[in-house]
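A.B. asks: I have a structure here, written as structure tokens, and I will follow up with some questions on it.
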Amino acid sequence: MIETMTWHKIRGSQMVVAMKAISLAFDLDRGTGPAVPNPLEFTGYILFVGTVVFGPWVSYSSYKEAIESHKLKCSVSWVKCQVCLVISNCIAPYLFPYFIPIHGGRGRRWLHTYENAVSFHFSNYFVGHLSESITVLAGVGFTEDKDNVKWDLKVVKPLNVELARSMVLVVTWNIPMSRWLNTYVFKSALKFGRFPSIIVTYTDSALLHGLSFHLGAVLLSLGFITYVEHVLRKRLAAIFSACILSKQCPTDCHHQHQKIHLWVYGINMAFSAMAIFHLTYLGSLFDADVENLAAEEGYVANHTIQKWSELSWASHWLVFGCWVFYRLI
């Protein structure tokens with residue numbers, strides 16, 4: 001219907017439009033949203049100036065609050081997005097070889113892969129902070145408690161991804177999209193079981209991203225990784241009665257061994273290191289050295305298979321090993 005290069009330029013905006021239309025339909029069907037909007041209101045929501053180019057997804061009720069209020073704010077996210085742009089384009093490609101001079105061999109290959117992954121991550125953080133600043137500037141992203149207005153819109157939290165406790169937390173790196181998937185896909189599919197609902201959620205995410213092979217491979221791999229890590233850590237936490245779940249335990253949890261214990265801290269750090277390893281492996285597909293034309297047209301299946309073959313399918317084997325260990329215990 002449309003040539004490949006043009007599609008890859010507009011698919012981000014198309015994804016936000018689709019998410020808005022789907023979420024509004026769900027809210028109306030559940031009776032949790034406002035009255036059915038007229039065509040002009042619906043078009044205004046879909047093409048809202050604050051989110052139409054870079055996103056993020058905002059609910060129809062948030063949009064209505066924005067256009068009915070007169071609150072505007074300049075966000076510090078503008079500064080953050082410039083910092084992320086510098087890290088992505090200038091620091092990440094050159095900083096690691098300068099401080100860690102590994103020459104040749106498998107170590108150098110993994111270091112180069114990590115460089116590419118970090119550069120790709122911060123390019124996404126740049127877009128996330130940019131979308132956050134534009135959306136806030138357009139008046140969306142506040143909660144009002146009496147006379148107190150709190151601007152609390154967050155699209156990305158880089159440190160929560162780069163130094164993640166688990167892969168379960170990594171997948172929420174685009175916070176509004178994660179909230180959308182959880183509300184309208186995951187919870188709706190839970191009646192089929194936890195694992196099927198996870199696969200359905202990541203499949204829907206791949207569809208929304210444009211159904212390119214490399215994104216589909218990454219997202220479905222994330223689905224398996226997060227599920228295996230979740231069930232493994234849940235089983236280990238039950239066996240040792242320790243705070244080693246994928247998400248941080250509340251202060252009043254009933255585990256016998258809290259996070260202050262050295263061995264509990266060590267296990268959590270090991271899973272954090274594993275998360276960095278998985279992120280590096282999955283980020284290898286977004287190679288900055290690939291020709292611009294190939295990147296514009298979308299990475300083909302051969303590129304995905306080749307990249308992961310060069311890394312010996314290490315992340316997939318690690319997940320399989322974790323699953324076998326989980327079944328054994």
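The way I read the labels, and the way they are meant: chains A, B, ... in the order of the structure tokens, residue 1 as the first residue of every chain, and ligand 1 as the first ligand shown, with later ones counted on from there.
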With DSSP run on the backbone, what are the alpha helix (DSSP H) residues within region 295-329 of chain A? I'd like them as a list in words.
C.D. replies: Ala295, Glu296, Glu297, Ala301, Asn302, His303, Thr304, Ile305, Gln306, Lys307, Trp308, Ser309, Glu310, Ala314, Ser315, His316, Trp317, Leu318, Val319, Phe320, Gly321, Cys322, Trp323, Val324, Phe325, Tyr326, Arg327 and Leu328 of chain A
A.B. asks: Next, dump the selected residues to file, keeping only N, CA and C atoms, as a compact mmCIF listing (two decimals), in the first residue's frame.
C.D. replies:
```txt
# COMPACT_ATOMS: atom_id res chain seq x y z
N ALA A 295 18.91 0.63 6.87
CA ALA A 295 18.23 0.97 8.11
C ALA A 295 16.89 1.65 7.83
N GLU A 296 16.87 2.50 6.79
CA GLU A 296 15.63 3.18 6.43
C GLU A 296 14.57 2.18 5.96
N GLU A 297 15.00 1.20 5.20
CA GLU A 297 14.05 0.25 4.63
C GLU A 297 13.65 -0.83 5.63
N ALA A 301 15.32 -10.26 7.63
CA ALA A 301 15.48 -11.43 8.49
C ALA A 301 16.92 -11.91 8.52
N ASN A 302 17.60 -11.85 7.37
CA ASN A 302 18.98 -12.32 7.31
C ASN A 302 19.89 -11.56 8.27
N HIS A 303 19.64 -10.26 8.40
CA HIS A 303 20.45 -9.43 9.30
C HIS A 303 20.26 -9.87 10.74
N THR A 304 19.02 -10.15 11.12
CA THR A 304 18.72 -10.59 12.48
C THR A 304 19.41 -11.91 12.79
N ILE A 305 19.28 -12.87 11.89
CA ILE A 305 19.87 -14.19 12.10
C ILE A 305 21.39 -14.11 12.14
N GLN A 306 21.96 -13.30 11.26
CA GLN A 306 23.41 -13.15 11.21
C GLN A 306 23.95 -12.54 12.50
N LYS A 307 23.31 -11.48 12.99
CA LYS A 307 23.79 -10.81 14.20
C LYS A 307 23.75 -11.73 15.41
N TRP A 308 22.65 -12.43 15.56
CA TRP A 308 22.54 -13.31 16.72
C TRP A 308 23.42 -14.55 16.57
N SER A 309 23.65 -14.97 15.34
CA SER A 309 24.56 -16.10 15.12
C SER A 309 25.98 -15.73 15.50
N GLU A 310 26.39 -14.49 15.20
CA GLU A 310 27.73 -14.03 15.56
C GLU A 310 27.94 -14.04 17.07
N ALA A 314 23.57 -16.43 22.36
CA ALA A 314 23.89 -16.56 23.78
C ALA A 314 22.71 -16.26 24.70
N SER A 315 21.97 -15.19 24.40
CA SER A 315 20.86 -14.81 25.27
C SER A 315 19.75 -15.86 25.25
N HIS A 316 19.47 -16.40 24.08
CA HIS A 316 18.43 -17.42 23.98
C HIS A 316 18.84 -18.70 24.73
N TRP A 317 20.11 -19.07 24.63
CA TRP A 317 20.58 -20.24 25.35
C TRP A 317 20.53 -20.01 26.86
N LEU A 318 20.85 -18.79 27.29
CA LEU A 318 20.80 -18.48 28.71
C LEU A 318 19.36 -18.57 29.24
N VAL A 319 18.41 -18.05 28.46
CA VAL A 319 17.00 -18.13 28.87
C VAL A 319 16.55 -19.59 28.93
N PHE A 320 16.96 -20.38 27.95
CA PHE A 320 16.60 -21.80 27.95
C PHE A 320 17.19 -22.50 29.18
N GLY A 321 18.44 -22.17 29.52
CA GLY A 321 19.06 -22.75 30.70
C GLY A 321 18.33 -22.35 31.98
N CYS A 322 17.91 -21.09 32.06
CA CYS A 322 17.16 -20.63 33.23
C CYS A 322 15.82 -21.34 33.34
N TRP A 323 15.18 -21.59 32.19
CA TRP A 323 13.89 -22.28 32.20
C TRP A 323 14.07 -23.74 32.66
N VAL A 324 15.11 -24.41 32.18
CA VAL A 324 15.39 -25.79 32.60
C VAL A 324 15.66 -25.82 34.11
N PHE A 325 16.45 -24.85 34.60
CA PHE A 325 16.74 -24.78 36.03
C PHE A 325 15.46 -24.56 36.84
N TYR A 326 14.59 -23.69 36.33
CA TYR A 326 13.31 -23.41 36.99
C TYR A 326 12.46 -24.69 37.07
N ARG A 327 12.43 -25.46 35.99
CA ARG A 327 11.64 -26.70 35.98
C ARG A 327 12.22 -27.75 36.94
N LEU A 328 13.55 -27.75 37.07
CA LEU A 328 14.20 -28.72 37.94
C LEU A 328 13.94 -28.44 39.42
```
A.B. asks: If we count only C-alpha atoms, what is near region 16-30 of chain A at a cut-off of 9 Å, once residues fewer than 3 positions away on the same chain are taken out, given as a compact mmCIF listing (two decimals) with C-alpha atoms, in the first residue's frame?
C.D. replies:
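Here's the written file out-v2.txt:
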```
# COMPACT_ATOMS: atom_id res chain seq x y z
CA ARG A 11 4.98 4.33 11.42
CA GLY A 12 5.70 5.95 14.82
CA SER A 13 2.92 8.49 14.31
CA GLY A 33 -14.59 6.86 29.60
CA PRO A 34 -16.56 9.99 28.76
CA ALA A 35 -19.46 10.15 26.32
CA VAL A 36 -18.95 9.19 22.68
CA PHE A 42 -12.39 12.53 17.85
CA TYR A 45 -7.84 13.79 19.96
CA ILE A 46 -6.27 11.69 17.23
CA LEU A 47 -4.33 14.64 15.76
CA THR A 51 1.47 13.99 20.57
CA VAL A 52 0.81 13.58 16.85
CA VAL A 53 4.48 13.39 15.77
CA PHE A 54 6.53 11.87 18.60
CA GLY A 55 3.78 10.60 20.90
CA PRO A 56 3.36 9.53 23.61
CA TRP A 57 -0.06 7.95 23.92
CA VAL A 58 -2.39 9.92 26.19
CA SER A 59 -5.90 8.94 27.19
CA TYR A 60 -8.94 10.78 25.85
CA MET A 177 2.98 2.49 26.00
CA TRP A 180 -1.48 1.05 27.44
CA THR A 183 -4.51 -1.90 30.52
CA TYR A 184 -5.93 -2.82 27.13
CA LEU A 208 1.72 -1.76 16.54
```
A.B. asks: Go through A:Asn116, A:Asn148, A:Thr201, A:Ser166 one by one, measure the shortest atom-to-atom distance of each to Arg233 (chain A) using only C-alpha atoms, and give the residue with the smallest value.
C.D. replies: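 Smallest separation from Arg233 (chain A) among the options: A:Ser166.
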A.B. asks: Give me, please, the distance in Å between CA of Val118 (chain A) and CA of Val168 (chain A), quoted to one decimal.
C.D. replies: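 Calculated distance between CA of Val118 (chain A) and CA of Val168 (chain A) is 18.7 Å.
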A.B. asks: When distances are computed from only C-alpha atoms, which of A:Gly223, A:Ala117, A:Ile260, A:Ser69 shows the smallest separation from Phe186 (chain A)?
C.D. replies: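 Closest residue, counting only C-alpha atoms: A:Gly223.
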A.B. asks: If we count only C-alpha atoms, what is near Phe126 (chain A) at a cut-off of 8 Å, once residues fewer than 3 positions away on the same chain are taken out, given as a PyMOL selection string?
C.D. replies: chain A and resi 80-85+122-123+129-130
A.B. asks: Pull all heavy atoms from the residues just selected and write them as a PDB file, in the first residue's frame.
C.D. replies:
```
ATOM      1  N   LYS A  80      17.067  17.242  29.122  1.00  0.00           N
ATOM      2  CA  LYS A  80      17.380  15.816  29.178  1.00  0.00           C
ATOM      3  C   LYS A  80      17.477  15.218  27.776  1.00  0.00           C
ATOM      4  O   LYS A  80      18.338  14.372  27.511  1.00  0.00           O
ATOM      5  CB  LYS A  80      16.321  15.073  29.983  1.00  0.00           C
ATOM      6  CG  LYS A  80      16.281  15.443  31.455  1.00  0.00           C
ATOM      7  CD  LYS A  80      15.177  14.671  32.171  1.00  0.00           C
ATOM      8  CE  LYS A  80      15.087  15.055  33.634  1.00  0.00           C
ATOM      9  NZ  LYS A  80      13.981  14.337  34.331  1.00  0.00           N
ATOM     10  N   CYS A  81      16.581  15.627  26.887  1.00  0.00           N
ATOM     11  CA  CYS A  81      16.603  15.048  25.542  1.00  0.00           C
ATOM     12  C   CYS A  81      17.865  15.456  24.794  1.00  0.00           C
ATOM     13  O   CYS A  81      18.416  14.654  24.021  1.00  0.00           O
ATOM     14  CB  CYS A  81      15.340  15.429  24.759  1.00  0.00           C
ATOM     15  SG  CYS A  81      15.327  17.052  23.984  1.00  0.00           S
ATOM     16  N   GLN A  82      18.387  16.674  25.034  1.00  0.00           N
ATOM     17  CA  GLN A  82      19.629  17.092  24.392  1.00  0.00           C
ATOM     18  C   GLN A  82      20.826  16.303  24.928  1.00  0.00           C
ATOM     19  O   GLN A  82      21.725  15.924  24.181  1.00  0.00           O
ATOM     20  CB  GLN A  82      19.854  18.597  24.610  1.00  0.00           C
ATOM     21  CG  GLN A  82      18.755  19.487  24.070  1.00  0.00           C
ATOM     22  CD  GLN A  82      18.514  19.270  22.582  1.00  0.00           C
ATOM     23  OE1 GLN A  82      19.451  19.226  21.790  1.00  0.00           O
ATOM     24  NE2 GLN A  82      17.248  19.138  22.202  1.00  0.00           N
ATOM     25  N   VAL A  83      20.801  16.027  26.237  1.00  0.00           N
ATOM     26  CA  VAL A  83      21.860  15.219  26.838  1.00  0.00           C
ATOM     27  C   VAL A  83      21.858  13.813  26.236  1.00  0.00           C
ATOM     28  O   VAL A  83      22.911  13.265  25.886  1.00  0.00           O
ATOM     29  CB  VAL A  83      21.694  15.159  28.370  1.00  0.00           C
ATOM     30  CG1 VAL A  83      22.671  14.163  28.980  1.00  0.00           C
ATOM     31  CG2 VAL A  83      21.890  16.538  28.990  1.00  0.00           C
ATOM     32  N   CYS A  84      20.676  13.224  26.094  1.00  0.00           N
ATOM     33  CA  CYS A  84      20.563  11.883  25.518  1.00  0.00           C
ATOM     34  C   CYS A  84      21.025  11.869  24.065  1.00  0.00           C
ATOM     35  O   CYS A  84      21.634  10.893  23.608  1.00  0.00           O
ATOM     36  CB  CYS A  84      19.117  11.389  25.614  1.00  0.00           C
ATOM     37  SG  CYS A  84      18.580  11.016  27.292  1.00  0.00           S
ATOM     38  N   LEU A  85      20.763  12.942  23.338  1.00  0.00           N
ATOM     39  CA  LEU A  85      21.193  13.033  21.939  1.00  0.00           C
ATOM     40  C   LEU A  85      22.724  13.050  21.847  1.00  0.00           C
ATOM     41  O   LEU A  85      23.307  12.364  20.999  1.00  0.00           O
ATOM     42  CB  LEU A  85      20.608  14.296  21.299  1.00  0.00           C
ATOM     43  CG  LEU A  85      20.945  14.528  19.818  1.00  0.00           C
ATOM     44  CD1 LEU A  85      20.338  13.431  18.959  1.00  0.00           C
ATOM     45  CD2 LEU A  85      20.448  15.889  19.367  1.00  0.00           C
ATOM     46  N   PHE A 122      19.853   5.358  23.948  1.00  0.00           N
ATOM     47  CA  PHE A 122      19.785   6.789  24.222  1.00  0.00           C
ATOM     48  C   PHE A 122      19.136   7.565  23.082  1.00  0.00           C
ATOM     49  O   PHE A 122      18.613   8.651  23.309  1.00  0.00           O
ATOM     50  CB  PHE A 122      21.178   7.336  24.550  1.00  0.00           C
ATOM     51  CG  PHE A 122      21.544   7.145  25.995  1.00  0.00           C
ATOM     52  CD1 PHE A 122      22.167   5.989  26.438  1.00  0.00           C
ATOM     53  CD2 PHE A 122      21.238   8.123  26.932  1.00  0.00           C
ATOM     54  CE1 PHE A 122      22.482   5.801  27.770  1.00  0.00           C
ATOM     55  CE2 PHE A 122      21.553   7.955  28.273  1.00  0.00           C
ATOM     56  CZ  PHE A 122      22.179   6.790  28.702  1.00  0.00           C
ATOM     57  N   SER A 123      19.155   7.020  21.878  1.00  0.00           N
ATOM     58  CA  SER A 123      18.383   7.658  20.806  1.00  0.00           C
ATOM     59  C   SER A 123      16.894   7.554  21.104  1.00  0.00           C
ATOM     60  O   SER A 123      16.121   8.472  20.806  1.00  0.00           O
ATOM     61  CB  SER A 123      18.708   7.016  19.455  1.00  0.00           C
ATOM     62  OG  SER A 123      18.217   5.686  19.379  1.00  0.00           O
ATOM     63  N   HIS A 129      12.123  11.838  25.835  1.00  0.00           N
ATOM     64  CA  HIS A 129      12.171  13.119  26.552  1.00  0.00           C
ATOM     65  C   HIS A 129      11.645  14.250  25.677  1.00  0.00           C
ATOM     66  O   HIS A 129      11.004  15.182  26.182  1.00  0.00           O
ATOM     67  CB  HIS A 129      13.602  13.422  26.998  1.00  0.00           C
ATOM     68  CG  HIS A 129      14.030  12.647  28.204  1.00  0.00           C
ATOM     69  ND1 HIS A 129      13.302  12.625  29.375  1.00  0.00           N
ATOM     70  CD2 HIS A 129      15.127  11.862  28.434  1.00  0.00           C
ATOM     71  CE1 HIS A 129      13.917  11.875  30.276  1.00  0.00           C
ATOM     72  NE2 HIS A 129      15.014  11.394  29.736  1.00  0.00           N
ATOM     73  N   LEU A 130      11.906  14.181  24.364  1.00  0.00           N
ATOM     74  CA  LEU A 130      11.403  15.209  23.455  1.00  0.00           C
ATOM     75  C   LEU A 130       9.877  15.174  23.416  1.00  0.00           C
ATOM     76  O   LEU A 130       9.214  16.221  23.490  1.00  0.00           O
ATOM     77  CB  LEU A 130      11.978  14.999  22.057  1.00  0.00           C
ATOM     78  CG  LEU A 130      11.569  16.018  20.983  1.00  0.00           C
ATOM     79  CD1 LEU A 130      12.004  17.421  21.377  1.00  0.00           C
ATOM     80  CD2 LEU A 130      12.154  15.638  19.632  1.00  0.00           C
TER      81      LEU A 130
END
```
A.B. asks: Rank nothing, just name the residue among A:Trp78, A:Tyr227, A:Tyr202, A:Trp313 nearest to Ser178 (chain A), using only C-alpha atoms.
C.D. replies: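 Once distances to Ser178 (chain A) are computed over only C-alpha atoms, the minimum belongs to A:Tyr202.
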A.B. asks: List every residue of region 52-250 of chain A that DSSP, applied to the backbone, labels as strand (DSSP E), and write the result as a list in words.
C.D. replies: Phe142, Thr143, Glu144, Asp145, Asn148, Val149, Lys150 and Trp151 of chain A
A.B. asks: What is the CA of Glu68 (chain A)-CA of Val136 (chain A) distance in Å, reported with one decimal?
C.D. replies: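 Interatomic distance, CA of Glu68 (chain A) to CA of Val136 (chain A): 14.5 Å.
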A.B. asks: When you draw a straight line from CA of Leu282 (chain A) to CA of Arg235 (chain A), how long is it in Å?
C.D. replies: 25.7 Å
A.B. asks: Fewer than 6 positions away in the same chain doesn't count, so skip those; otherwise give me all residues within 12 Å of Leu153 (chain A), counting only C-alpha atoms, as a PyMOL selection string.
C.D. replies: chain A and resi 56-58+62+73+75-77+128-129+131-137+139-143+174-176
A.B. asks: Go ahead and save the residues from that selection, with N, CA and C atoms, as a PDB file, in the first residue's frame.
C.D. replies:
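Output (again-v3.pdb):
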```
ATOM      1  N   PRO A  56       3.778  10.902  23.328  1.00  0.00           N
ATOM      2  CA  PRO A  56       3.364   9.530  23.613  1.00  0.00           C
ATOM      3  C   PRO A  56       1.858   9.374  23.539  1.00  0.00           C
ATOM      4  N   TRP A  57       1.380   8.154  23.799  1.00  0.00           N
ATOM      5  CA  TRP A  57      -0.058   7.952  23.918  1.00  0.00           C
ATOM      6  C   TRP A  57      -0.572   8.637  25.175  1.00  0.00           C
ATOM      7  N   VAL A  58      -1.683   9.349  25.035  1.00  0.00           N
ATOM      8  CA  VAL A  58      -2.386   9.917  26.191  1.00  0.00           C
ATOM      9  C   VAL A  58      -3.849   9.519  26.078  1.00  0.00           C
ATOM     10  N   SER A  62      -7.352  12.640  29.467  1.00  0.00           N
ATOM     11  CA  SER A  62      -6.223  13.562  29.649  1.00  0.00           C
ATOM     12  C   SER A  62      -6.236  14.650  28.590  1.00  0.00           C
ATOM     13  N   LYS A  73       3.299  24.563  30.651  1.00  0.00           N
ATOM     14  CA  LYS A  73       4.547  24.485  31.412  1.00  0.00           C
ATOM     15  C   LYS A  73       5.686  24.114  30.478  1.00  0.00           C
ATOM     16  N   SER A  75       9.038  22.181  30.144  1.00  0.00           N
ATOM     17  CA  SER A  75       9.565  21.026  30.869  1.00  0.00           C
ATOM     18  C   SER A  75      11.087  20.969  30.809  1.00  0.00           C
ATOM     19  N   VAL A  76      11.679  20.479  31.902  1.00  0.00           N
ATOM     20  CA  VAL A  76      13.128  20.264  31.937  1.00  0.00           C
ATOM     21  C   VAL A  76      13.510  19.076  31.063  1.00  0.00           C
ATOM     22  N   SER A  77      12.509  18.343  30.577  1.00  0.00           N
ATOM     23  CA  SER A  77      12.788  17.208  29.691  1.00  0.00           C
ATOM     24  C   SER A  77      13.498  17.654  28.416  1.00  0.00           C
ATOM     25  N   GLY A 128      11.919   9.998  23.629  1.00  0.00           N
ATOM     26  CA  GLY A 128      11.003   9.964  24.765  1.00  0.00           C
ATOM     27  C   GLY A 128      10.957  11.280  25.523  1.00  0.00           C
ATOM     28  N   HIS A 129      12.123  11.838  25.835  1.00  0.00           N
ATOM     29  CA  HIS A 129      12.171  13.119  26.552  1.00  0.00           C
ATOM     30  C   HIS A 129      11.645  14.250  25.677  1.00  0.00           C
ATOM     31  N   SER A 131       9.306  13.974  23.310  1.00  0.00           N
ATOM     32  CA  SER A 131       7.844  13.853  23.296  1.00  0.00           C
ATOM     33  C   SER A 131       7.249  14.316  24.619  1.00  0.00           C
ATOM     34  N   GLU A 132       7.954  14.028  25.706  1.00  0.00           N
ATOM     35  CA  GLU A 132       7.480  14.467  27.026  1.00  0.00           C
ATOM     36  C   GLU A 132       7.439  15.982  27.120  1.00  0.00           C
ATOM     37  N   SER A 133       8.497  16.645  26.638  1.00  0.00           N
ATOM     38  CA  SER A 133       8.556  18.106  26.728  1.00  0.00           C
ATOM     39  C   SER A 133       7.503  18.763  25.847  1.00  0.00           C
ATOM     40  N   ILE A 134       7.282  18.225  24.640  1.00  0.00           N
ATOM     41  CA  ILE A 134       6.274  18.799  23.734  1.00  0.00           C
ATOM     42  C   ILE A 134       4.871  18.586  24.288  1.00  0.00           C
ATOM     43  N   THR A 135       4.630  17.395  24.855  1.00  0.00           N
ATOM     44  CA  THR A 135       3.303  17.099  25.407  1.00  0.00           C
ATOM     45  C   THR A 135       2.983  17.986  26.598  1.00  0.00           C
ATOM     46  N   VAL A 136       3.965  18.180  27.472  1.00  0.00           N
ATOM     47  CA  VAL A 136       3.763  19.057  28.632  1.00  0.00           C
ATOM     48  C   VAL A 136       3.563  20.495  28.168  1.00  0.00           C
ATOM     49  N   LEU A 137       4.308  20.897  27.152  1.00  0.00           N
ATOM     50  CA  LEU A 137       4.164  22.258  26.616  1.00  0.00           C
ATOM     51  C   LEU A 137       2.770  22.471  26.030  1.00  0.00           C
ATOM     52  N   GLY A 139       0.141  21.184  27.343  1.00  0.00           N
ATOM     53  CA  GLY A 139      -0.813  21.233  28.439  1.00  0.00           C
ATOM     54  C   GLY A 139      -1.259  19.897  28.979  1.00  0.00           C
ATOM     55  N   VAL A 140      -0.630  18.793  28.554  1.00  0.00           N
ATOM     56  CA  VAL A 140      -1.014  17.457  29.022  1.00  0.00           C
ATOM     57  C   VAL A 140       0.041  16.963  30.003  1.00  0.00           C
ATOM     58  N   GLY A 141      -0.432  16.196  31.018  1.00  0.00           N
ATOM     59  CA  GLY A 141       0.524  15.555  31.909  1.00  0.00           C
ATOM     60  C   GLY A 141       0.515  16.075  33.316  1.00  0.00           C
ATOM     61  N   PHE A 142      -0.620  16.597  33.776  1.00  0.00           N
ATOM     62  CA  PHE A 142      -0.682  17.099  35.144  1.00  0.00           C
ATOM     63  C   PHE A 142      -1.824  16.421  35.905  1.00  0.00           C
ATOM     64  N   THR A 143      -1.646  16.333  37.203  1.00  0.00           N
ATOM     65  CA  THR A 143      -2.732  15.927  38.090  1.00  0.00           C
ATOM     66  C   THR A 143      -2.995  17.074  39.051  1.00  0.00           C
ATOM     67  N   ASN A 174       9.210   2.573  27.827  1.00  0.00           N
ATOM     68  CA  ASN A 174       8.278   3.603  27.359  1.00  0.00           C
ATOM     69  C   ASN A 174       7.044   3.490  28.244  1.00  0.00           C
ATOM     70  N   ILE A 175       6.968   4.336  29.255  1.00  0.00           N
ATOM     71  CA  ILE A 175       5.988   4.178  30.319  1.00  0.00           C
ATOM     72  C   ILE A 175       4.543   4.278  29.812  1.00  0.00           C
ATOM     73  N   PRO A 176       4.177   5.296  28.988  1.00  0.00           N
ATOM     74  CA  PRO A 176       2.792   5.344  28.510  1.00  0.00           C
ATOM     75  C   PRO A 176       2.401   4.132  27.666  1.00  0.00           C
TER      76      PRO A 176
END
```
